[in-house]
Every structure is written in C-alpha cells, then in structure tokens.
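Asks: Just passing along the structure, written as structure tokens.
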Amino acid sequence: MTKTICVANQKGGVGKTTSAVNIAAVMGNLGLNVLLVDIDSQANATMSMLNDDVPINATIRDVLKGAHIEDTIMESVSPGVHILPSELALATVESELANKIGREKILRKSLKRIEGNYDYIIIDCPPSLNLLSINALSAAQYLIIPIHEFLAMEGLNQLLDIYNQIKEELNEDLDISSIFMTMYDPRTKLAKDLYGTLKELFADKVATTTIPRNVKLAEAPAYHQSIIAYAPESKGAKAYCQLTEELLLLWK
C-alpha cells in the first residue's frame with residue numbers, strides 16, 4: 001500500500017524542500033519506488049531533481065486544472081525517484097480554481113490514479129497555508145514538520161490549527177508523524193532549548209535524529225543532486241540517511 005507523506009511548515013527557510021528531496025533520494029537508494037510531488041510555485045524541488053536541459057511539458061499546475069497525472073510524472077536524477085514537477089505559474093492556480101467544487105481534494109483524487117505504482121509519495125509544500133498546502137494535507141496520510149528556530153514555532157502553531165481543521169473536515173486519516181530539527185547546532189543553547197521545548201510539547205513525535213548545519217546540503221541543489229549523490233560522506237548525508245531510516249520505522 002502506498003504511503004503519502006506531506007512535508008510542511010508555514011515558516012520559510014526551515015528546510016522543507018531539502019528534506020523532501022533528500023528523504024525521497026534516500027528511499028530510492030534503499031530500493032523503494034518514490035514519487036516526489038513539488039506543489040510549491042518556487043519549484044525548488046523540481047530544479048534540484050531535474051537537469052536544466054530536460055524539457056518539462058506539463059506540471060502540477062496542469063494536474064490541478066484537470067490534466068492526467070500519468071502524463072506529467074518524470075524520471076528524476078535520483079535512482080528510484082520520479083517527480084511531479086512544478087513551475088512559477090503555479091502561483092496563479094488558487095484564483096483559477098476559486099469556483100471549482102471540491103478544489104481541496106483535486107490532488108488526492110489524482111494521486112489515487114497512480115499510487116499503486118509507488119511505495120511512497122512525498123509532497124513538498126509551499127511556505128504558506130494556501131489552497132496548495134490544503135490539497136497536499138488532504139492527500140496525505142502522514143505529516144512531517146521540519147523546524148529550525150523559535151520563530152518557526154508560530155508557523156508551527158498555525159499549521160497545527162490547519163491540521164486539526166483538515167483532519168476534522170477533509171482527511172480523517174491524516175496524522176502528524178514526526179517533527180524534526182534542521183540546521184541544528186548542538187553547541188548553541190538556543191538550539192538545545194528549542195529541542196527541549198519540542199520534546200516537552202510533542203514528546204515522541206519529535207525525531208531523535210537532527211539535521212546539522214552543513215554547507216554540502218546547500219551546494220547539492222546547484223548540481224542537480226541529492227546530498228547522498230553529491231557528498232555521501234558528509235554530515236548532512238549521514239543525517240538524512242539516519243532520519244529516513246527513523247521515519248521508515250514509523251511507517252511500517
């Protein structure tokens with residue numbers, strides 16, 4: 001049975017795309033079949049996982065407007081990983097779908113058509129709680145939340161409010177699977193205090209694995225590679241391998 005995971009946090013700059021791309025890549029490296037869905041108009045996951053010279057004929061925007069999802073999925077640069085790409089024009093889709101009945105569940109219905117082809121579907125969300133994020137949350141079974149700093153706690157609280165509404169109204173199967181820290185520096189009191197606060201508030205929902213600050217993680221997308229392809233011995237690669245293994249145990 002395909003498991004669908006949404007990577008979300010309203011706060012930008014917390015490592016959503018980095019996490020979605022690298023968790024998907026590690027899964028693929030483990031022999032799993034993975035679909036990475038880029039539902040962010042910034043299209044950073046798309047740019048990370050497709051070479052510049054690869055033509056993109058259709059995107060998630062087309063799927064949300066009625067195109068067949070099978071005609072939109074592409075092979076990525078990462079073994080075992082396909083991608084449903086995005087584009088900047090996705091930013092207009094909310095207004096284009098304003099009068100469409102059932103617009104919150106368009107992605108869910110599209111993914112149902114192909115979910116048997118994959119072990120995991122990973123959805124990379126935009127840094128806002130808009131119609132795109134609602135579509136992603138309505139389609140997922142599990143929500144994972146990367147968090148970086150205390151300022152992101154406000155975004156987390158807003159996300160949790162939306163999560164509760166979606167679970168009640170649109171997707172009763174959605175569960176918060178894991179909250180994990182990114183750009184973590186254990187030498188700082190701030191980072192340790194935030195981790196402690198998260199543990200107090202969310203207990204076993206907080207992942208044991210933390211993702212460290214690592215320049216290789218920032219460099220890899222420029223070369224259209226995951227961290228395990230670009231710098232497999234780096235701290236970032238080892239951390240994402242460990243985090244993915246921790247998450248897979250939750251999703252057995």
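Labeling convention for the structure tokens: chains A, B, ... as they appear, residues from 1 per chain, ligands from 1 in order of appearance.
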Give me the residues within 9 Å of Ile121 (chain A) as a short mmCIF file (atom, residue, chain, number, x, y, z; two decimals) with C-alpha atoms, in the first residue's frame, counting only C-alpha atoms and dropping any in the same chain fewer than 5 places off.
Replies:
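Contents of out-v7.cif, as written:
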data_model
loop_
_atom_site.label_atom_id
_atom_site.label_comp_id
_atom_site.auth_asym_id
_atom_site.auth_seq_id
_atom_site.Cartn_x
_atom_site.Cartn_y
_atom_site.Cartn_z
CA THR A 2 1.34 3.40 -0.98
CA LYS A 3 2.05 5.78 1.88
CA THR A 4 1.76 9.52 1.22
CA ILE A 5 3.78 11.98 3.29
CA CYS A 6 3.42 15.75 3.36
CA ALA A 24 12.99 10.78 -1.27
CA ASN A 33 9.82 3.38 -5.59
CA VAL A 34 9.16 7.02 -4.74
CA LEU A 35 7.17 9.88 -6.26
CA LEU A 36 8.22 13.38 -5.22
CA VAL A 37 5.41 15.90 -5.73
CA LEU A 111 -2.76 10.59 -6.77
CA GLU A 115 -0.49 5.43 -6.00
CA ALA A 140 -1.53 12.66 2.77
#
Asks: For Thr209 (chain A), work out the shell of residues within 9 Å, counting only C-alpha atoms and skipping chain neighbours fewer than 2 positions away, then give it as a list in words.
Replies: Phe180, Met181, Val206, Ala207, Ile211, Ala239, Tyr240, Gln242, Leu243 and Glu246 of chain A
Asks: Export C-alpha atoms of the chosen residues as an mmCIF file, in the first residue's frame?
Replies:
data_model
loop_
_atom_site.group_PDB
_atom_site.id
_atom_site.type_symbol
_atom_site.label_atom_id
_atom_site.label_comp_id
_atom_site.auth_asym_id
_atom_site.auth_seq_id
_atom_site.Cartn_x
_atom_site.Cartn_y
_atom_site.Cartn_z
ATOM 1 C CA PHE A 180 12.409 17.184 13.310
ATOM 2 C CA MET A 181 15.013 19.885 13.698
ATOM 3 C CA VAL A 206 9.954 14.639 17.902
ATOM 4 C CA ALA A 207 12.540 12.746 15.875
ATOM 5 C CA ILE A 211 19.849 17.601 10.649
ATOM 6 C CA ALA A 239 21.892 12.660 8.976
ATOM 7 C CA TYR A 240 19.283 12.321 6.223
ATOM 8 C CA GLN A 242 19.505 8.223 9.653
ATOM 9 C CA LEU A 243 16.355 10.377 9.687
ATOM 10 C CA GLU A 246 13.884 6.504 11.658
#
Asks: Find the residues around Ile176 (chain A) up to 9 Å (only C-alpha atoms counted), leave out those fewer than 4 positions away in its own chain, and share them as a list of chain:residue names.
Replies: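 In the requested format, the answer is A:Gln141, A:Tyr142, A:Leu143, A:Ile144, A:Ile145, A:Tyr163, A:Lys205.
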Asks: Could you write out the selected residues, including N, CA, C and O atoms, as a compact mmCIF listing (two decimals), in the first residue's frame?
Replies:
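The resulting part-v6.txt:
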# COMPACT_ATOMS: atom_id res chain seq x y z
N GLN A 141 -1.33 10.81 4.28
CA GLN A 141 -1.62 10.04 5.49
C GLN A 141 -0.78 10.55 6.66
O GLN A 141 -1.20 10.47 7.81
N TYR A 142 0.41 11.03 6.32
CA TYR A 142 1.34 11.46 7.36
C TYR A 142 1.85 12.86 7.08
O TYR A 142 2.12 13.22 5.93
N LEU A 143 2.00 13.64 8.14
CA LEU A 143 2.58 14.97 8.07
C LEU A 143 3.89 14.98 8.83
O LEU A 143 3.94 14.54 9.98
N ILE A 144 4.97 15.42 8.17
CA ILE A 144 6.23 15.62 8.88
C ILE A 144 6.60 17.09 8.80
O ILE A 144 6.38 17.75 7.77
N ILE A 145 7.14 17.61 9.90
CA ILE A 145 7.33 19.05 10.03
C ILE A 145 8.78 19.37 10.38
O ILE A 145 9.23 19.07 11.50
N TYR A 163 -4.06 21.76 10.46
CA TYR A 163 -4.06 20.30 10.53
C TYR A 163 -5.33 19.78 11.21
O TYR A 163 -5.98 18.86 10.71
N LYS A 205 6.66 12.50 19.25
CA LYS A 205 6.52 12.97 17.87
C LYS A 205 7.80 13.64 17.38
O LYS A 205 7.96 13.86 16.17
Asks: Let's see if you can do this: from backbone DSSP, list all strand (DSSP E) residues in region 130-226 of chain A, as a PyMOL selection string.
Replies: chain A and resi 142-147+175-181
Asks: Using only C-alpha atoms, determine which residues lie at most 6 Å from Ala139 (chain A), disregarding the query and same-chain residues fewer than 2 positions distant; provide the list as a PyMOL selection string.
Replies: chain A and resi 108+136-137
Asks: Show which residues sit within 6 Å of region 218-221 of chain A, as a list in words. Count only C-alpha atoms, and ignore same-chain residues fewer than 6 positions away.
Replies: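 Answer for this query is Ser48, Ile227 and Tyr230 of chain A.
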Asks: Store the residues picked out above, limited to N, CA, C and O atoms, as a CSV table (one decimal), in the first residue's frame.
Replies:
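Result file again15.csv:
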chain,number,residue,atom,x,y,z
A,48,SER,N,16.0,20.9,-8.2
A,48,SER,CA,17.0,20.1,-7.6
A,48,SER,C,17.1,18.7,-8.3
A,48,SER,O,18.2,18.1,-8.3
A,227,ILE,N,21.9,15.0,-1.6
A,227,ILE,CA,23.1,15.1,-0.8
A,227,ILE,C,23.8,13.7,-0.8
A,227,ILE,O,25.0,13.7,-0.7
A,230,TYR,N,25.8,13.8,-4.1
A,230,TYR,CA,26.7,14.9,-4.1
A,230,TYR,C,27.9,14.8,-3.1
A,230,TYR,O,29.0,14.9,-3.5
Asks: With a distance cut-off of 8 Å and only C-alpha atoms, select the neighbouring residues of region 62-73 of chain A, excluding the residue or stretch itself and same-chain residues fewer than 5 positions from it, and output the selection as a PDB file with all heavy atoms, in the first residue's frame.
Replies:
ATOM      1  N   ASN A  57       7.109  19.323 -20.042  1.00  0.00           N
ATOM      2  CA  ASN A  57       5.942  19.571 -20.890  1.00  0.00           C
ATOM      3  C   ASN A  57       4.681  19.881 -20.099  1.00  0.00           C
ATOM      4  O   ASN A  57       3.778  20.547 -20.600  1.00  0.00           O
ATOM      5  CB  ASN A  57       5.699  18.361 -21.795  1.00  0.00           C
ATOM      6  CG  ASN A  57       6.864  18.107 -22.727  1.00  0.00           C
ATOM      7  OD1 ASN A  57       7.427  19.033 -23.298  1.00  0.00           O
ATOM      8  ND2 ASN A  57       7.237  16.837 -22.866  1.00  0.00           N
ATOM      9  N   HIS A  82      10.719   9.337  -9.039  1.00  0.00           N
ATOM     10  CA  HIS A  82      10.056  10.114 -10.082  1.00  0.00           C
ATOM     11  C   HIS A  82       9.602  11.440  -9.469  1.00  0.00           C
ATOM     12  O   HIS A  82       9.486  11.549  -8.241  1.00  0.00           O
ATOM     13  CB  HIS A  82       8.863   9.368 -10.655  1.00  0.00           C
ATOM     14  CG  HIS A  82       9.229   8.242 -11.564  1.00  0.00           C
ATOM     15  ND1 HIS A  82       9.628   7.007 -11.086  1.00  0.00           N
ATOM     16  CD2 HIS A  82       9.272   8.153 -12.921  1.00  0.00           C
ATOM     17  CE1 HIS A  82       9.893   6.210 -12.113  1.00  0.00           C
ATOM     18  NE2 HIS A  82       9.693   6.870 -13.239  1.00  0.00           N
ATOM     19  N   ILE A  83       9.351  12.418 -10.321  1.00  0.00           N
ATOM     20  CA  ILE A  83       8.925  13.717  -9.819  1.00  0.00           C
ATOM     21  C   ILE A  83       7.730  14.234 -10.605  1.00  0.00           C
ATOM     22  O   ILE A  83       7.644  14.067 -11.825  1.00  0.00           O
ATOM     23  CB  ILE A  83      10.086  14.742  -9.847  1.00  0.00           C
ATOM     24  CG1 ILE A  83       9.645  16.066  -9.201  1.00  0.00           C
ATOM     25  CG2 ILE A  83      10.622  14.968 -11.262  1.00  0.00           C
ATOM     26  CD1 ILE A  83      10.780  16.994  -8.845  1.00  0.00           C
ATOM     27  N   LEU A  84       6.791  14.818  -9.883  1.00  0.00           N
ATOM     28  CA  LEU A  84       5.712  15.591 -10.470  1.00  0.00           C
ATOM     29  C   LEU A  84       6.147  17.043 -10.340  1.00  0.00           C
ATOM     30  O   LEU A  84       6.104  17.613  -9.249  1.00  0.00           O
ATOM     31  CB  LEU A  84       4.409  15.332  -9.719  1.00  0.00           C
ATOM     32  CG  LEU A  84       3.150  16.082 -10.149  1.00  0.00           C
ATOM     33  CD1 LEU A  84       2.902  15.961 -11.637  1.00  0.00           C
ATOM     34  CD2 LEU A  84       1.948  15.589  -9.377  1.00  0.00           C
ATOM     35  N   PRO A  85       6.638  17.657 -11.439  1.00  0.00           N
ATOM     36  CA  PRO A  85       7.307  18.953 -11.331  1.00  0.00           C
ATOM     37  C   PRO A  85       6.348  20.120 -11.106  1.00  0.00           C
ATOM     38  O   PRO A  85       5.138  20.011 -11.312  1.00  0.00           O
ATOM     39  CB  PRO A  85       8.021  19.076 -12.683  1.00  0.00           C
ATOM     40  CG  PRO A  85       7.188  18.270 -13.616  1.00  0.00           C
ATOM     41  CD  PRO A  85       6.649  17.124 -12.806  1.00  0.00           C
ATOM     42  N   VAL A  93      -2.770  29.414  -9.621  1.00  0.00           N
ATOM     43  CA  VAL A  93      -3.782  28.366  -9.680  1.00  0.00           C
ATOM     44  C   VAL A  93      -4.878  28.546  -8.638  1.00  0.00           C
ATOM     45  O   VAL A  93      -6.022  28.152  -8.856  1.00  0.00           O
ATOM     46  CB  VAL A  93      -3.118  26.969  -9.553  1.00  0.00           C
ATOM     47  CG1 VAL A  93      -2.826  26.612  -8.099  1.00  0.00           C
ATOM     48  CG2 VAL A  93      -3.977  25.893 -10.198  1.00  0.00           C
ATOM     49  N   LEU A  97      -8.846  28.268  -9.594  1.00  0.00           N
ATOM     50  CA  LEU A  97      -9.714  27.204  -9.076  1.00  0.00           C
ATOM     51  C   LEU A  97     -10.736  27.714  -8.067  1.00  0.00           C
ATOM     52  O   LEU A  97     -11.421  26.919  -7.428  1.00  0.00           O
ATOM     53  CB  LEU A  97      -8.859  26.119  -8.419  1.00  0.00           C
ATOM     54  CG  LEU A  97      -7.881  25.376  -9.327  1.00  0.00           C
ATOM     55  CD1 LEU A  97      -7.033  24.409  -8.505  1.00  0.00           C
ATOM     56  CD2 LEU A  97      -8.607  24.629 -10.434  1.00  0.00           C
ATOM     57  N   ILE A 106      -8.399  17.915  -5.181  1.00  0.00           N
ATOM     58  CA  ILE A 106      -8.000  17.597  -6.556  1.00  0.00           C
ATOM     59  C   ILE A 106      -6.746  16.729  -6.574  1.00  0.00           C
ATOM     60  O   ILE A 106      -6.672  15.731  -7.287  1.00  0.00           O
ATOM     61  CB  ILE A 106      -7.768  18.890  -7.371  1.00  0.00           C
ATOM     62  CG1 ILE A 106      -9.051  19.712  -7.449  1.00  0.00           C
ATOM     63  CG2 ILE A 106      -7.281  18.541  -8.780  1.00  0.00           C
ATOM     64  CD1 ILE A 106      -8.858  21.075  -8.074  1.00  0.00           C
ATOM     65  N   LEU A 107      -5.745  17.102  -5.793  1.00  0.00           N
ATOM     66  CA  LEU A 107      -4.502  16.331  -5.763  1.00  0.00           C
ATOM     67  C   LEU A 107      -4.757  14.926  -5.242  1.00  0.00           C
ATOM     68  O   LEU A 107      -4.227  13.946  -5.780  1.00  0.00           O
ATOM     69  CB  LEU A 107      -3.453  17.034  -4.909  1.00  0.00           C
ATOM     70  CG  LEU A 107      -2.106  16.314  -4.801  1.00  0.00           C
ATOM     71  CD1 LEU A 107      -1.448  16.178  -6.165  1.00  0.00           C
ATOM     72  CD2 LEU A 107      -1.181  17.040  -3.831  1.00  0.00           C
ATOM     73  N   SER A 110      -6.181  12.785  -7.951  1.00  0.00           N
ATOM     74  CA  SER A 110      -5.182  12.500  -8.989  1.00  0.00           C
ATOM     75  C   SER A 110      -4.195  11.440  -8.529  1.00  0.00           C
ATOM     76  O   SER A 110      -3.837  10.529  -9.283  1.00  0.00           O
ATOM     77  CB  SER A 110      -4.442  13.784  -9.378  1.00  0.00           C
ATOM     78  OG  SER A 110      -5.310  14.690 -10.017  1.00  0.00           O
ATOM     79  N   LEU A 111      -3.736  11.548  -7.287  1.00  0.00           N
ATOM     80  CA  LEU A 111      -2.759  10.586  -6.769  1.00  0.00           C
ATOM     81  C   LEU A 111      -3.360   9.195  -6.642  1.00  0.00           C
ATOM     82  O   LEU A 111      -2.640   8.198  -6.759  1.00  0.00           O
ATOM     83  CB  LEU A 111      -2.213  11.062  -5.421  1.00  0.00           C
ATOM     84  CG  LEU A 111      -1.318  12.306  -5.451  1.00  0.00           C
ATOM     85  CD1 LEU A 111      -0.913  12.709  -4.036  1.00  0.00           C
ATOM     86  CD2 LEU A 111      -0.070  12.071  -6.306  1.00  0.00           C
ATOM     87  N   ARG A 113      -4.974   7.686  -8.724  1.00  0.00           N
ATOM     88  CA  ARG A 113      -4.846   7.014 -10.009  1.00  0.00           C
ATOM     89  C   ARG A 113      -3.532   6.261 -10.166  1.00  0.00           C
ATOM     90  O   ARG A 113      -3.442   5.294 -10.916  1.00  0.00           O
ATOM     91  CB  ARG A 113      -4.966   8.032 -11.146  1.00  0.00           C
ATOM     92  CG  ARG A 113      -6.317   8.694 -11.254  1.00  0.00           C
ATOM     93  CD  ARG A 113      -6.274   9.884 -12.205  1.00  0.00           C
ATOM     94  NE  ARG A 113      -5.838   9.504 -13.532  1.00  0.00           N
ATOM     95  CZ  ARG A 113      -6.649   9.242 -14.561  1.00  0.00           C
ATOM     96  NH1 ARG A 113      -7.961   9.341 -14.398  1.00  0.00           N
ATOM     97  NH2 ARG A 113      -6.175   8.920 -15.756  1.00  0.00           N
ATOM     98  N   ILE A 114      -2.496   6.716  -9.438  1.00  0.00           N
ATOM     99  CA  ILE A 114      -1.164   6.142  -9.667  1.00  0.00           C
ATOM    100  C   ILE A 114      -0.494   5.630  -8.395  1.00  0.00           C
ATOM    101  O   ILE A 114       0.634   5.150  -8.435  1.00  0.00           O
ATOM    102  CB  ILE A 114      -0.233   7.177 -10.349  1.00  0.00           C
ATOM    103  CG1 ILE A 114      -0.261   8.547  -9.619  1.00  0.00           C
ATOM    104  CG2 ILE A 114      -0.649   7.387 -11.796  1.00  0.00           C
ATOM    105  CD1 ILE A 114       0.642   8.690  -8.477  1.00  0.00           C
TER     106      ILE A 114
END
Asks: Under the rule that only C-alpha atoms are counted, which of A:Asn99, A:Thr208, A:Asn9, A:Gln158 is the nearest residue to Glu245 (chain A)?
Replies: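 Ranking A:Asn99, A:Thr208, A:Asn9, A:Gln158 by distance to Glu245 (chain A), first place goes to A:Thr208.
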Asks: Write down as a list of chain:residue names the residues of region 7-86 of chain A whose backbone DSSP state falls under alpha helix (DSSP H).
Replies: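 Those in region 7-86 of chain A that DSSP calls alpha helix (DSSP H) are A:Lys16, A:Thr17, A:Thr18, A:Ser19, A:Ala20, A:Val21, A:Asn22, A:Ile23, A:Ala24, A:Ala25, A:Val26, A:Met27, A:Gly28, A:Asn29, A:Asn44, A:Ala45, A:Thr46, A:Met47, A:Ser48, A:Met49, A:Ile60, A:Arg61, A:Asp62, A:Val63, A:Leu64.
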Asks: Please produce a file of the residues just selected, as a CSV table (one decimal), in the first residue's frame, where the atoms kept are N, CA, C and O atoms.
Replies:
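Output below, filename part36.csv:
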chain,number,residue,atom,x,y,z
A,16,LYS,N,12.3,22.6,4.2
A,16,LYS,CA,11.2,21.7,3.7
A,16,LYS,C,11.7,21.0,2.4
A,16,LYS,O,11.6,19.8,2.3
A,17,THR,N,12.1,21.8,1.5
A,17,THR,CA,12.5,21.2,0.2
A,17,THR,C,13.7,20.3,0.3
A,17,THR,O,13.8,19.2,-0.2
A,18,THR,N,14.7,20.8,1.1
A,18,THR,CA,15.9,20.0,1.3
A,18,THR,C,15.5,18.6,1.9
A,18,THR,O,16.1,17.6,1.5
A,19,SER,N,14.6,18.7,2.8
A,19,SER,CA,14.2,17.4,3.5
A,19,SER,C,13.4,16.5,2.5
A,19,SER,O,13.6,15.3,2.5
A,20,ALA,N,12.5,17.1,1.8
A,20,ALA,CA,11.6,16.3,0.9
A,20,ALA,C,12.5,15.6,-0.2
A,20,ALA,O,12.4,14.4,-0.4
A,21,VAL,N,13.4,16.4,-0.8
A,21,VAL,CA,14.3,15.9,-1.8
A,21,VAL,C,15.2,14.8,-1.3
A,21,VAL,O,15.3,13.7,-1.9
A,22,ASN,N,15.8,15.0,-0.1
A,22,ASN,CA,16.8,14.0,0.4
A,22,ASN,C,16.2,12.8,1.0
A,22,ASN,O,16.7,11.7,0.9
A,23,ILE,N,15.0,13.0,1.7
A,23,ILE,CA,14.3,11.8,2.2
A,23,ILE,C,13.9,10.9,1.0
A,23,ILE,O,14.0,9.7,1.0
A,24,ALA,N,13.4,11.5,-0.1
A,24,ALA,CA,13.0,10.8,-1.3
A,24,ALA,C,14.2,10.1,-1.9
A,24,ALA,O,14.1,8.9,-2.3
A,25,ALA,N,15.3,10.8,-1.9
A,25,ALA,CA,16.5,10.2,-2.5
A,25,ALA,C,17.1,9.0,-1.7
A,25,ALA,O,17.5,8.0,-2.3
A,26,VAL,N,17.0,9.1,-0.4
A,26,VAL,CA,17.5,8.0,0.4
A,26,VAL,C,16.6,6.8,0.3
A,26,VAL,O,17.0,5.7,0.2
A,27,MET,N,15.3,7.1,0.2
A,27,MET,CA,14.3,6.0,0.0
A,27,MET,C,14.6,5.3,-1.3
A,27,MET,O,14.6,4.0,-1.4
A,28,GLY,N,14.8,6.1,-2.4
A,28,GLY,CA,15.1,5.5,-3.7
A,28,GLY,C,16.4,4.7,-3.6
A,28,GLY,O,16.5,3.6,-4.3
A,29,ASN,N,17.4,5.2,-2.9
A,29,ASN,CA,18.7,4.5,-2.8
A,29,ASN,C,18.5,3.1,-2.0
A,29,ASN,O,19.3,2.2,-2.2
A,44,ASN,N,11.6,24.6,-6.3
A,44,ASN,CA,13.0,24.3,-5.9
A,44,ASN,C,13.3,22.8,-5.9
A,44,ASN,O,14.4,22.4,-6.3
A,45,ALA,N,12.3,22.0,-5.6
A,45,ALA,CA,12.5,20.5,-5.6
A,45,ALA,C,12.6,20.1,-7.1
A,45,ALA,O,13.4,19.2,-7.4
A,46,THR,N,11.9,20.7,-8.0
A,46,THR,CA,12.0,20.4,-9.4
A,46,THR,C,13.4,20.8,-9.9
A,46,THR,O,14.0,20.0,-10.6
A,47,MET,N,13.9,21.9,-9.6
A,47,MET,CA,15.2,22.4,-10.0
A,47,MET,C,16.3,21.5,-9.4
A,47,MET,O,17.3,21.3,-10.1
A,48,SER,N,16.0,20.9,-8.2
A,48,SER,CA,17.0,20.1,-7.6
A,48,SER,C,17.1,18.7,-8.3
A,48,SER,O,18.2,18.1,-8.3
A,49,MET,N,16.0,18.2,-8.8
A,49,MET,CA,15.9,16.8,-9.2
A,49,MET,C,15.8,16.6,-10.7
A,49,MET,O,15.7,15.5,-11.2
A,60,ILE,N,2.5,20.2,-12.1
A,60,ILE,CA,1.4,20.0,-11.1
A,60,ILE,C,0.3,21.0,-11.4
A,60,ILE,O,-0.9,20.7,-11.1
A,61,ARG,N,0.6,22.2,-11.9
A,61,ARG,CA,-0.5,23.2,-12.3
A,61,ARG,C,-1.5,22.6,-13.3
A,61,ARG,O,-2.7,22.7,-13.1
A,62,ASP,N,-0.9,21.8,-14.3
A,62,ASP,CA,-1.8,21.2,-15.2
A,62,ASP,C,-2.7,20.1,-14.6
A,62,ASP,O,-3.8,20.0,-14.9
A,63,VAL,N,-2.1,19.4,-13.7
A,63,VAL,CA,-2.8,18.3,-13.0
A,63,VAL,C,-4.0,18.9,-12.2
A,63,VAL,O,-5.1,18.4,-12.2
A,64,LEU,N,-3.7,20.0,-11.5
A,64,LEU,CA,-4.7,20.6,-10.7
A,64,LEU,C,-5.8,21.2,-11.5
A,64,LEU,O,-7.0,21.4,-11.1
Asks: Might you pull out every residue within 6 Å of Asn135 (chain A), with only C-alpha atoms counted and same-chain residues fewer than 2 positions away left off, and present them as a VMD selection string?
Replies: chain A and resid 104 to 105 107 132 to 133 137 to 138
Asks: Go ahead and save the picked residues with C-alpha atoms, as a PDB file, in the first residue's frame.
Replies:
ATOM      1  CA  GLU A 104      -9.350  20.994  -1.854  1.00  0.00           C
ATOM      2  CA  LYS A 105      -9.195  17.334  -2.952  1.00  0.00           C
ATOM      3  CA  LEU A 107      -4.502  16.331  -5.763  1.00  0.00           C
ATOM      4  CA  LEU A 132      -1.914  24.168  -2.458  1.00  0.00           C
ATOM      5  CA  SER A 133      -0.985  23.192   1.098  1.00  0.00           C
ATOM      6  CA  LEU A 137      -2.624  17.805   3.505  1.00  0.00           C
ATOM      7  CA  SER A 138      -5.902  16.433   2.165  1.00  0.00           C
TER       8      SER A 138
END
Asks: Just how far from CA of Ile101 (chain A) is CA of Lys11 (chain A), in Å to one decimal?
Replies: 28.7 Å
Asks: Pick from A:Ile166, A:Leu32, A:Val54, A:His148: nearest to Tyr118 (chain A), with only C-alpha atoms counted?
Replies: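 Distance minimum relative to Tyr118 (chain A) lands on A:Leu32.
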Asks: Just checking: using only C-alpha atoms, which residue out of A:Glu154, A:Met1, A:Leu30, A:Glu149 ends up closest to Pro79 (chain A)?
Replies: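 Distance minimum relative to Pro79 (chain A) lands on A:Leu30.
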Asks: Which one is closest to Ile39 (chain A): A:Thr197, A:Asn164, A:Asn214, A:Ser86? Count only C-alpha atoms.
Replies: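 Of A:Thr197, A:Asn164, A:Asn214, A:Ser86, the one nearest Ile39 (chain A) is A:Ser86, counting only C-alpha atoms.
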